[in-house]
$ cat protein-v3.cif   # mmCIF, C-alpha atoms
data_query
#
loop_
_atom_site.group_PDB
_atom_site.id
_atom_site.type_symbol
_atom_site.label_atom_id
_atom_site.label_comp_id
_atom_site.auth_asym_id
_atom_site.auth_seq_id
_atom_site.Cartn_x
_atom_site.Cartn_y
_atom_site.Cartn_z
ATOM 1 C CA THR D 1 52.870 17.954 93.866
ATOM 2 C CA LEU D 2 50.924 17.390 97.062
ATOM 3 C CA LEU D 3 53.025 19.907 98.955
ATOM 4 C CA PRO D 4 54.638 22.740 96.960
ATOM 5 C CA ARG D 5 57.422 23.059 99.530
ATOM 6 C CA MET D 6 58.623 20.736 102.257
ATOM 7 C CA ALA D 7 61.387 21.243 104.811
ATOM 8 C CA SER D 8 62.789 18.491 107.010
ATOM 9 C CA MET D 9 64.601 18.765 110.298
ATOM 10 C CA SER D 10 65.702 15.151 109.882
ATOM 11 C CA GLY D 11 67.757 13.624 112.649
ATOM 12 C CA ALA D 12 66.579 16.311 115.057
ATOM 13 C CA ALA D 13 64.743 13.967 117.377
ATOM 14 C CA VAL D 14 64.380 14.757 121.033
ATOM 15 C CA GLY D 15 62.806 11.981 123.035
ATOM 16 C CA SER D 16 60.826 9.125 121.543
ATOM 17 C CA GLU D 17 57.214 8.115 121.676
ATOM 18 C CA ASP D 18 58.280 4.486 121.493
ATOM 19 C CA PRO D 19 59.945 3.269 124.723
ATOM 20 C CA SER D 20 61.697 0.535 122.716
ATOM 21 C CA SER D 21 63.501 2.979 120.432
ATOM 22 C CA GLU D 22 67.164 3.854 120.779
ATOM 23 C CA PRO D 23 68.298 5.896 123.821
ATOM 24 C CA SER D 24 67.912 9.632 123.423
ATOM 25 C CA SER D 25 71.591 10.122 124.263
ATOM 26 C CA LYS D 26 72.470 8.614 120.865
ATOM 27 C CA ARG D 27 70.294 11.013 118.921
ATOM 28 C CA PRO D 28 71.229 14.573 117.918
ATOM 29 C CA ARG D 29 69.149 17.193 119.687
ATOM 30 C CA LEU D 30 67.349 20.289 118.540
ATOM 31 C CA SER D 31 67.327 23.324 120.797
ATOM 32 C CA LEU D 32 63.553 23.483 120.534
ATOM 33 C CA GLU D 33 63.165 20.877 123.272
ATOM 34 C CA GLY D 34 65.226 19.290 126.006
ATOM 35 C CA GLY D 35 65.353 15.833 127.513
ATOM 36 C CA GLY D 36 64.535 12.404 126.232
ATOM 37 C CA GLY D 37 62.937 9.132 127.119
ATOM 38 C CA GLY D 38 59.387 9.566 125.878
ATOM 39 C CA GLU D 39 57.056 11.778 123.890
ATOM 40 C CA GLY D 40 56.880 13.840 127.048
ATOM 41 C CA GLY D 41 60.583 14.786 127.012
ATOM 42 C CA ASN D 42 63.175 14.373 129.778
ATOM 43 C CA GLY D 43 63.527 11.144 131.747
ATOM 44 C CA GLU D 44 60.000 9.909 132.233
ATOM 45 C CA GLY D 45 58.572 12.308 129.713
ATOM 46 C CA GLY D 46 59.099 15.831 131.000
ATOM 47 C CA VAL D 47 57.775 18.921 129.261
ATOM 48 C CA PRO D 48 60.357 20.804 127.150
ATOM 49 C CA GLN D 49 62.137 23.560 129.005
ATOM 50 C CA VAL D 50 63.087 26.111 126.359
ATOM 51 C CA PRO D 51 64.738 29.480 127.023
ATOM 52 C CA SER D 52 62.733 32.312 125.501
ATOM 53 C CA SER D 53 65.674 33.321 123.316
ATOM 54 C CA ASN D 54 65.616 29.889 121.649
ATOM 55 C CA ASN D 55 61.880 30.150 121.079
ATOM 56 C CA ARG D 56 62.308 33.520 119.437
ATOM 57 C CA ASP D 57 65.220 32.286 117.332
ATOM 58 C CA PHE D 58 63.213 29.271 116.114
ATOM 59 C CA ALA D 59 60.256 31.420 115.072
ATOM 60 C CA PHE D 60 62.592 33.986 113.513
ATOM 61 C CA LYS D 61 64.298 31.374 111.327
ATOM 62 C CA ILE D 62 60.934 30.074 110.118
ATOM 63 C CA GLY D 63 59.901 33.671 109.413
ATOM 64 C CA VAL D 64 62.978 34.241 107.267
ATOM 65 C CA ALA D 65 62.234 31.041 105.327
ATOM 66 C CA ALA D 66 58.658 32.157 104.735
ATOM 67 C CA HIS D 67 59.881 35.575 103.630
ATOM 68 C CA ASP D 68 62.356 34.167 101.120
ATOM 69 C CA ALA D 69 60.087 31.461 99.701
ATOM 70 C CA PRO D 70 57.823 32.243 96.722
ATOM 71 C CA HIS D 71 54.239 31.689 97.728
ATOM 72 C CA PRO D 72 52.671 28.835 95.703
ATOM 73 C CA ARG D 73 49.120 30.102 95.922
ATOM 74 C CA GLU D 74 47.647 32.652 93.618
ATOM 75 C CA ASN D 75 46.976 35.675 95.794
ATOM 76 C CA ASP D 76 48.549 38.535 93.866
ATOM 77 C CA ASP D 77 45.164 39.785 92.720
ATOM 78 C CA ASN D 78 43.853 39.715 96.262
ATOM 79 C CA ASP D 79 46.847 41.724 97.430
ATOM 80 C CA LYS D 80 46.194 44.384 94.824
ATOM 81 C CA ASP D 81 42.512 44.570 95.636
ATOM 82 C CA ASN D 82 43.234 44.954 99.316
ATOM 83 C CA GLY D 83 45.939 47.550 98.763
ATOM 84 C CA ASP D 84 48.509 45.279 100.382
ATOM 85 C CA ASP D 85 51.961 46.674 99.698
ATOM 86 C CA ASN D 86 54.001 43.838 101.180
ATOM 87 C CA ASN D 87 52.605 41.066 98.896
ATOM 88 C CA GLY D 88 52.432 38.616 101.765
ATOM 89 C CA ASP D 89 56.078 38.985 102.768
ATOM 90 C CA ALA D 90 57.109 38.351 106.349
ATOM 91 C CA THR D 91 59.240 40.914 108.121
ATOM 92 C CA ALA D 92 61.206 40.543 111.328
ATOM 93 C CA GLU D 93 61.423 43.224 113.986
ATOM 94 C CA GLU D 94 63.205 42.953 117.320
ATOM 95 C CA GLY D 95 64.067 39.319 116.644
ATOM 96 C CA GLY D 96 60.503 38.168 116.004
ATOM 97 C CA PRO D 97 58.641 37.614 112.715
ATOM 98 C CA CYS D 98 55.551 39.450 111.599
ATOM 99 C CA VAL D 99 53.716 37.314 109.062
ATOM 100 C CA ALA D 100 50.990 38.510 106.715
ATOM 101 C CA SER D 101 47.673 36.665 106.680
ATOM 102 C CA ASN D 102 48.360 35.157 103.239
ATOM 103 C CA ALA D 103 51.767 33.697 104.142
ATOM 104 C CA LEU D 104 52.686 30.035 103.836
ATOM 105 C CA ARG D 105 50.802 27.412 105.848
ATOM 106 C CA PHE D 106 53.071 25.296 108.046
ATOM 107 C CA ALA D 107 52.661 21.781 109.435
ATOM 108 C CA MET D 108 54.662 20.667 112.496
ATOM 109 C CA VAL D 109 55.014 16.877 112.470
ATOM 110 C CA CYS D 110 56.249 14.385 115.070
ATOM 111 C CA ALA D 111 55.146 10.856 116.004
ATOM 112 C CA SER D 112 52.237 11.384 118.398
ATOM 113 C CA ASN D 113 51.351 15.087 118.004
ATOM 114 C CA GLN D 114 51.924 15.570 121.706
ATOM 115 C CA ASN D 115 55.248 17.203 122.478
ATOM 116 C CA ARG D 116 57.625 18.311 119.736
ATOM 117 C CA SER D 117 55.036 19.219 117.116
ATOM 118 C CA MET D 118 52.797 20.845 119.722
ATOM 119 C CA GLU D 119 55.551 23.014 121.188
ATOM 120 C CA ALA D 120 56.482 24.183 117.690
ATOM 121 C CA HIS D 121 52.773 24.696 116.907
ATOM 122 C CA ARG D 122 52.415 26.891 119.995
ATOM 123 C CA LEU D 123 55.515 28.954 119.213
ATOM 124 C CA LEU D 124 54.566 29.680 115.604
ATOM 125 C CA GLN D 125 50.930 30.291 116.478
ATOM 126 C CA GLU D 126 51.979 32.890 119.047
ATOM 127 C CA ALA D 127 54.158 34.476 116.351
ATOM 128 C CA SER D 128 51.080 34.832 114.078
ATOM 129 C CA PHE D 129 51.953 32.056 111.642
ATOM 130 C CA THR D 130 49.321 29.918 109.948
ATOM 131 C CA VAL D 131 50.250 26.568 111.449
ATOM 132 C CA ASP D 132 48.841 23.113 112.195
ATOM 133 C CA SER D 133 50.405 20.013 113.722
ATOM 134 C CA TYR D 134 50.210 16.267 113.184
ATOM 135 C CA GLY D 135 51.588 12.886 114.188
ATOM 136 C CA VAL D 136 52.472 9.954 111.941
ATOM 137 C CA GLY D 137 52.420 7.056 114.409
ATOM 138 C CA GLN D 138 49.853 4.270 114.498
ATOM 139 C CA HIS D 139 48.667 5.453 117.900
ATOM 140 C CA VAL D 140 49.357 8.216 120.393
ATOM 141 C CA LYS D 141 51.883 6.741 122.800
ATOM 142 C CA LEU D 142 52.873 8.402 126.073
ATOM 143 C CA PRO D 143 55.136 7.207 128.903
ATOM 144 C CA GLY D 144 53.484 5.097 131.597
ATOM 145 C CA PRO D 145 54.606 3.623 134.923
ATOM 146 C CA SER D 146 57.314 1.673 133.073
ATOM 147 C CA ALA D 147 58.729 1.224 129.572
ATOM 148 C CA ARG D 148 56.521 -1.838 129.146
ATOM 149 C CA GLU D 149 53.373 -0.019 130.253
ATOM 150 C CA PRO D 150 52.934 3.001 127.957
ATOM 151 C CA ASN D 151 49.685 4.905 127.781
ATOM 152 C CA VAL D 152 48.233 4.361 124.307
ATOM 153 C CA TYR D 153 45.350 6.304 122.756
ATOM 154 C CA PRO D 154 43.857 6.537 119.270
ATOM 155 C CA PHE D 155 44.438 9.766 117.355
ATOM 156 C CA GLY D 156 41.497 12.088 117.827
ATOM 157 C CA THR D 157 41.262 11.459 121.571
ATOM 158 C CA PRO D 158 40.915 14.960 123.086
ATOM 159 C CA TYR D 159 43.870 16.201 125.109
ATOM 160 C CA GLN D 160 41.438 16.957 127.920
ATOM 161 C CA THR D 161 40.311 13.312 127.993
ATOM 162 C CA ILE D 162 43.917 12.084 128.144
ATOM 163 C CA TYR D 163 44.683 14.629 130.865
ATOM 164 C CA ASP D 164 41.717 13.567 133.001
ATOM 165 C CA GLU D 165 42.546 9.863 132.635
ATOM 166 C CA LEU D 166 46.217 10.229 133.525
ATOM 167 C CA ARG D 167 45.358 12.438 136.453
ATOM 168 C CA SER D 168 42.926 9.824 137.769
ATOM 169 C CA LYS D 169 45.499 7.042 137.317
ATOM 170 C CA ASP D 170 48.421 8.613 139.174
ATOM 171 C CA THR D 171 48.489 12.370 139.707
ATOM 172 C CA ALA D 172 51.861 12.306 141.451
ATOM 173 C CA LEU D 173 53.620 10.308 138.715
ATOM 174 C CA TYR D 174 52.273 12.290 135.783
ATOM 175 C CA THR D 175 52.870 15.581 137.538
ATOM 176 C CA ARG D 176 56.449 14.565 138.296
ATOM 177 C CA ASN D 177 57.242 13.435 134.764
ATOM 178 C CA GLY D 178 55.634 16.505 133.219
ATOM 179 C CA LEU D 179 52.858 14.878 131.194
ATOM 180 C CA LEU D 180 50.058 16.778 132.904
ATOM 181 C CA THR D 181 51.808 20.103 132.302
ATOM 182 C CA MET D 182 52.429 19.140 128.674
ATOM 183 C CA LEU D 183 48.757 18.268 128.189
ATOM 184 C CA GLU D 184 47.665 21.538 129.807
ATOM 185 C CA ARG D 185 49.690 23.310 127.130
ATOM 186 C CA ASN D 186 48.203 21.154 124.375
ATOM 187 C CA ILE D 187 44.636 21.841 125.509
ATOM 188 C CA LYS D 188 45.268 25.545 124.960
ATOM 189 C CA VAL D 189 46.549 24.981 121.413
ATOM 190 C CA LYS D 190 43.906 22.665 119.908
ATOM 191 C CA LYS D 191 41.374 19.984 120.795
ATOM 192 C CA ALA D 192 43.012 16.673 119.900
ATOM 193 C CA PRO D 193 46.043 15.040 118.245
ATOM 194 C CA GLN D 194 45.684 14.564 114.492
ATOM 195 C CA ARG D 195 47.246 11.889 112.294
ATOM 196 C CA TRP D 196 48.879 13.037 109.059
ATOM 197 C CA GLN D 197 47.915 9.905 107.131
ATOM 198 C CA ASP D 198 44.230 10.390 107.986
ATOM 199 C CA MET D 199 44.042 13.840 106.395
ATOM 200 C CA ASP D 200 42.217 14.081 103.064
ATOM 201 C CA TRP D 201 44.289 16.744 101.331
ATOM 202 C CA ALA D 202 42.506 16.234 98.005
ATOM 203 C CA SER D 203 39.029 17.240 99.174
ATOM 204 C CA ALA D 204 37.753 17.440 102.746
ATOM 205 C CA ASP D 205 40.972 18.865 104.213
ATOM 206 C CA ALA D 206 42.148 20.809 101.160
ATOM 207 C CA GLU D 207 41.753 24.151 102.931
ATOM 208 C CA VAL D 208 44.318 23.200 105.577
ATOM 209 C CA GLN D 209 46.815 21.541 103.209
ATOM 210 C CA PRO D 210 50.257 22.810 104.277
ATOM 211 C CA ASP D 211 52.835 24.420 102.028
ATOM 212 C CA VAL D 212 55.746 23.466 104.289
ATOM 213 C CA ALA D 213 56.034 20.443 106.582
ATOM 214 C CA LEU D 214 58.691 20.344 109.295
ATOM 215 C CA CYS D 215 59.509 16.880 110.635
ATOM 216 C CA PHE D 216 61.286 16.586 113.974
ATOM 217 C CA GLU D 217 62.732 13.128 113.455
ATOM 218 C CA GLU D 218 64.164 11.248 110.483
ATOM 219 C CA ARG D 219 61.752 8.335 110.771
ATOM 220 C CA VAL D 220 58.852 10.808 110.927
ATOM 221 C CA PHE D 221 60.138 12.443 107.738
ATOM 222 C CA GLU D 222 60.413 9.068 106.001
ATOM 223 C CA THR D 223 56.871 8.108 107.028
ATOM 224 C CA LEU D 224 55.502 11.427 105.782
ATOM 225 C CA VAL D 225 57.271 11.125 102.418
ATOM 226 C CA GLU D 226 56.072 7.528 102.033
ATOM 227 C CA ASP D 227 52.504 8.674 102.659
ATOM 228 C CA MET D 228 52.829 11.503 100.148
ATOM 229 C CA ALA D 229 54.213 9.125 97.509
ATOM 230 C CA SER D 230 51.262 6.774 98.000
ATOM 231 C CA ARG D 231 48.684 9.506 97.352
ATOM 232 C CA GLN D 232 47.403 10.601 93.968
ATOM 233 C CA GLN D 233 49.380 13.649 92.917
ATOM 234 C CA SER D 234 47.793 16.759 91.461
#

$ encode --input "protein-v3.cif" --output "structure tokens"
Amino acid sequence: TLLPRMASMSGAAVGSEDPSSEPSSKRPRLSLEGGGGGEGGNGEGGVPQVPSSNNRDFAFKIGVAAHDAPHPRENDDNDKDNGDDNNGDATAEEGGPCVASNALRFAMVCASNQNRSMEAHRLLQEASFTVDSYGVGQHVKLPGPSAREPNVYPFGTPYQTIYDELRSKDTALYTRNGLLTMLERNIKVKKAPQRWQDMDWASADAEVQPDVALCFEERVFETLVEDMASRQQS
């Protein structure tokens, strides 16, 4: 199969990249992020405010899953050659995971690769996981002055470019709704949002093919599975 293992946090949407989607109050929420009303998060798109204990718990649960899951890649010989006694297992100490370098590769997936997937990317990256993040939407869509005036960018547009443009448009608005703070975080994690459907898992992007994909919304999960089903399986 394209992905040896896939996990879905379906129905765990918090906020929506599409201003026309259903109100966030009708959707179940995941403790990873707070708020609703845009890819940015609360109200006009605020940045997630997450207590550190929740962050640690999220990373710990992923660490346990990585520890319990059999690794699909053939690295036993490498472990023996390197004298590695833990065979790539993850261990948790003081509530946080410690993941070996040959552990599973994770993909955090939301619609625009701006908020939910990027916050999860940051958390797991800080916990020493091998992790990437993606979006599955047609475009990157962020809240604008109104629901009818979203800010739309193509995937691949650097976070720094988006940050500079929004800041030049209305610094007060995008500071108040949290988008500038969110983008400052994203800039520290990676260069630009990536689209799942544009990845060439069979050749060019084979080295970063994930073992586990976590989707933060049911429609994101369905889009990802549809894309996987349309690809040639190996």

$ residues_around --input "protein-v3.cif" --residues "segment 126-134 of chain D" --least-positions-apart "3" --cutoff "6 Å" --atoms "only C-alpha atoms" --output "list in words"
Arg105, Phe106, Ala107, Met108, Val109, Asn113, Ser117, Leu123, Gln194, Arg195 and Trp196 of chain D

$ closest_residue --input "protein-v3.cif" --among "D:Asn186, D:Gln125, D:Ser230, D:Asn115" --to "Gln160 of chain D" --atoms "all atoms listed in the file"
D:Asn186

$ residues_near_point --input "protein-v3.cif" --point "(47.3, 21.2, 128.1)" --cutoff "12 Å" --atoms "all atoms listed in the file" --output "list in words"
Val47, Gln114, Asn115, Met118, Glu119, Arg122, Pro158, Tyr159, Gln160, Thr161, Ile162, Tyr163, Asp164, Gly178, Leu179, Leu180, Thr181, Met182, Leu183, Glu184, Arg185, Asn186, Ile187, Lys188, Val189, Lys190, Lys191, Ala192 and Pro193 of chain D

$ atom_distance --input "protein-v3.cif" --atom1 "atom CA of Met228 of chain D" --atom2 "atom CA of Phe155 of chain D"
19.2 Å

$ atom_distance --input "protein-v3.cif" --atom1 "atom CA of Arg219 of chain D" --atom2 "atom CA of Gly137 of chain D"
10.1 Å

$ closest_residue --input "protein-v3.cif" --among "D:Glu217, D:Gln232, D:Tyr153, D:Glu207" --to "Ala111 of chain D" --atoms "only C-alpha atoms"
D:Glu217

$ atom_distance --input "protein-v3.cif" --atom1 "atom CA of Gly144 of chain D" --atom2 "atom CA of Cys110 of chain D"
19.2 Å

$ decode --input "protein-v3.cif" --residues "segment 178-191 of chain D" --atoms "all heavy atoms" --output "compact mmCIF listing (two decimals), in the first residue's frame"
# COMPACT_ATOMS: atom_id res chain seq x y z
N GLY D 178 -4.85 37.17 15.12
CA GLY D 178 -3.85 36.14 15.41
C GLY D 178 -3.13 35.57 14.21
O GLY D 178 -2.24 34.74 14.37
N LEU D 179 -3.45 36.01 13.00
CA LEU D 179 -2.82 35.43 11.82
C LEU D 179 -1.32 35.71 11.76
O LEU D 179 -0.53 34.85 11.38
CB LEU D 179 -3.49 35.95 10.54
CG LEU D 179 -4.83 35.32 10.16
CD1 LEU D 179 -5.28 35.83 8.80
CD2 LEU D 179 -4.74 33.80 10.13
N LEU D 180 -0.93 36.91 12.13
CA LEU D 180 0.50 37.25 12.07
C LEU D 180 1.29 36.40 13.07
O LEU D 180 2.39 35.91 12.74
CB LEU D 180 0.72 38.74 12.34
CG LEU D 180 0.15 39.69 11.28
CD1 LEU D 180 0.49 41.14 11.64
CD2 LEU D 180 0.67 39.35 9.88
N THR D 181 0.74 36.19 14.25
CA THR D 181 1.41 35.34 15.24
C THR D 181 1.49 33.90 14.75
O THR D 181 2.50 33.22 14.91
CB THR D 181 0.66 35.39 16.57
OG1 THR D 181 0.60 36.75 17.02
CG2 THR D 181 1.38 34.55 17.63
N MET D 182 0.40 33.43 14.13
CA MET D 182 0.39 32.07 13.59
C MET D 182 1.46 31.91 12.52
O MET D 182 2.19 30.91 12.49
CB MET D 182 -0.99 31.76 12.99
CG MET D 182 -1.12 30.36 12.41
SD MET D 182 -2.67 30.12 11.51
CE MET D 182 -2.31 31.05 10.00
N LEU D 183 1.58 32.89 11.64
CA LEU D 183 2.56 32.82 10.56
C LEU D 183 3.98 32.92 11.09
O LEU D 183 4.89 32.29 10.54
CB LEU D 183 2.28 33.92 9.54
CG LEU D 183 1.02 33.70 8.69
CD1 LEU D 183 0.60 34.99 7.99
CD2 LEU D 183 1.26 32.59 7.65
N GLU D 184 4.18 33.67 12.15
CA GLU D 184 5.51 33.73 12.78
C GLU D 184 5.93 32.36 13.27
O GLU D 184 7.09 31.95 13.15
CB GLU D 184 5.50 34.74 13.93
CG GLU D 184 5.42 36.19 13.47
CD GLU D 184 5.21 37.16 14.62
OE1 GLU D 184 5.06 36.69 15.78
OE2 GLU D 184 5.18 38.38 14.38
N ARG D 185 4.97 31.63 13.84
CA ARG D 185 5.24 30.25 14.25
C ARG D 185 5.57 29.38 13.05
O ARG D 185 6.53 28.61 13.06
CB ARG D 185 4.02 29.67 14.98
CG ARG D 185 4.15 28.19 15.35
CD ARG D 185 2.79 27.54 15.54
NE ARG D 185 2.00 27.56 14.32
CZ ARG D 185 0.69 27.30 14.29
NH1 ARG D 185 0.04 27.03 15.39
NH2 ARG D 185 0.04 27.32 13.12
N ASN D 186 4.77 29.50 11.98
CA ASN D 186 4.97 28.66 10.81
C ASN D 186 6.34 28.88 10.17
O ASN D 186 6.98 27.93 9.71
CB ASN D 186 3.87 28.94 9.77
CG ASN D 186 2.49 28.52 10.26
OD1 ASN D 186 2.36 27.90 11.30
ND2 ASN D 186 1.47 28.89 9.51
N ILE D 187 6.77 30.13 10.13
CA ILE D 187 8.07 30.47 9.53
C ILE D 187 9.20 29.72 10.23
O ILE D 187 10.17 29.32 9.60
CB ILE D 187 8.29 31.99 9.60
CG1 ILE D 187 7.33 32.71 8.64
CG2 ILE D 187 9.73 32.36 9.27
CD1 ILE D 187 7.27 34.22 8.84
N LYS D 188 9.03 29.49 11.52
CA LYS D 188 10.07 28.80 12.30
C LYS D 188 10.06 27.30 12.07
O LYS D 188 11.03 26.62 12.41
CB LYS D 188 9.89 29.10 13.79
CG LYS D 188 10.06 30.58 14.14
CD LYS D 188 9.77 30.81 15.62
CE LYS D 188 9.90 32.29 15.97
NZ LYS D 188 9.58 32.53 17.40
N VAL D 189 8.95 26.78 11.55
CA VAL D 189 8.81 25.33 11.36
C VAL D 189 9.29 24.88 9.98
O VAL D 189 10.04 23.92 9.84
CB VAL D 189 7.35 24.89 11.58
CG1 VAL D 189 7.18 23.39 11.29
CG2 VAL D 189 6.92 25.19 13.02
N LYS D 190 8.85 25.58 8.93
CA LYS D 190 9.28 25.25 7.57
C LYS D 190 9.04 26.44 6.65
O LYS D 190 8.48 27.47 7.07
CB LYS D 190 8.59 23.99 7.05
CG LYS D 190 7.07 24.12 6.85
CD LYS D 190 6.51 22.82 6.27
CE LYS D 190 5.05 22.97 5.87
NZ LYS D 190 4.54 21.72 5.23
N LYS D 191 9.41 26.31 5.40
CA LYS D 191 9.37 27.45 4.48
C LYS D 191 7.99 27.79 3.97
O LYS D 191 7.59 28.97 3.95
CB LYS D 191 10.29 27.19 3.28
CG LYS D 191 10.35 28.35 2.30
CD LYS D 191 11.30 28.06 1.14
CE LYS D 191 11.34 29.22 0.15
NZ LYS D 191 12.28 28.95 -0.97
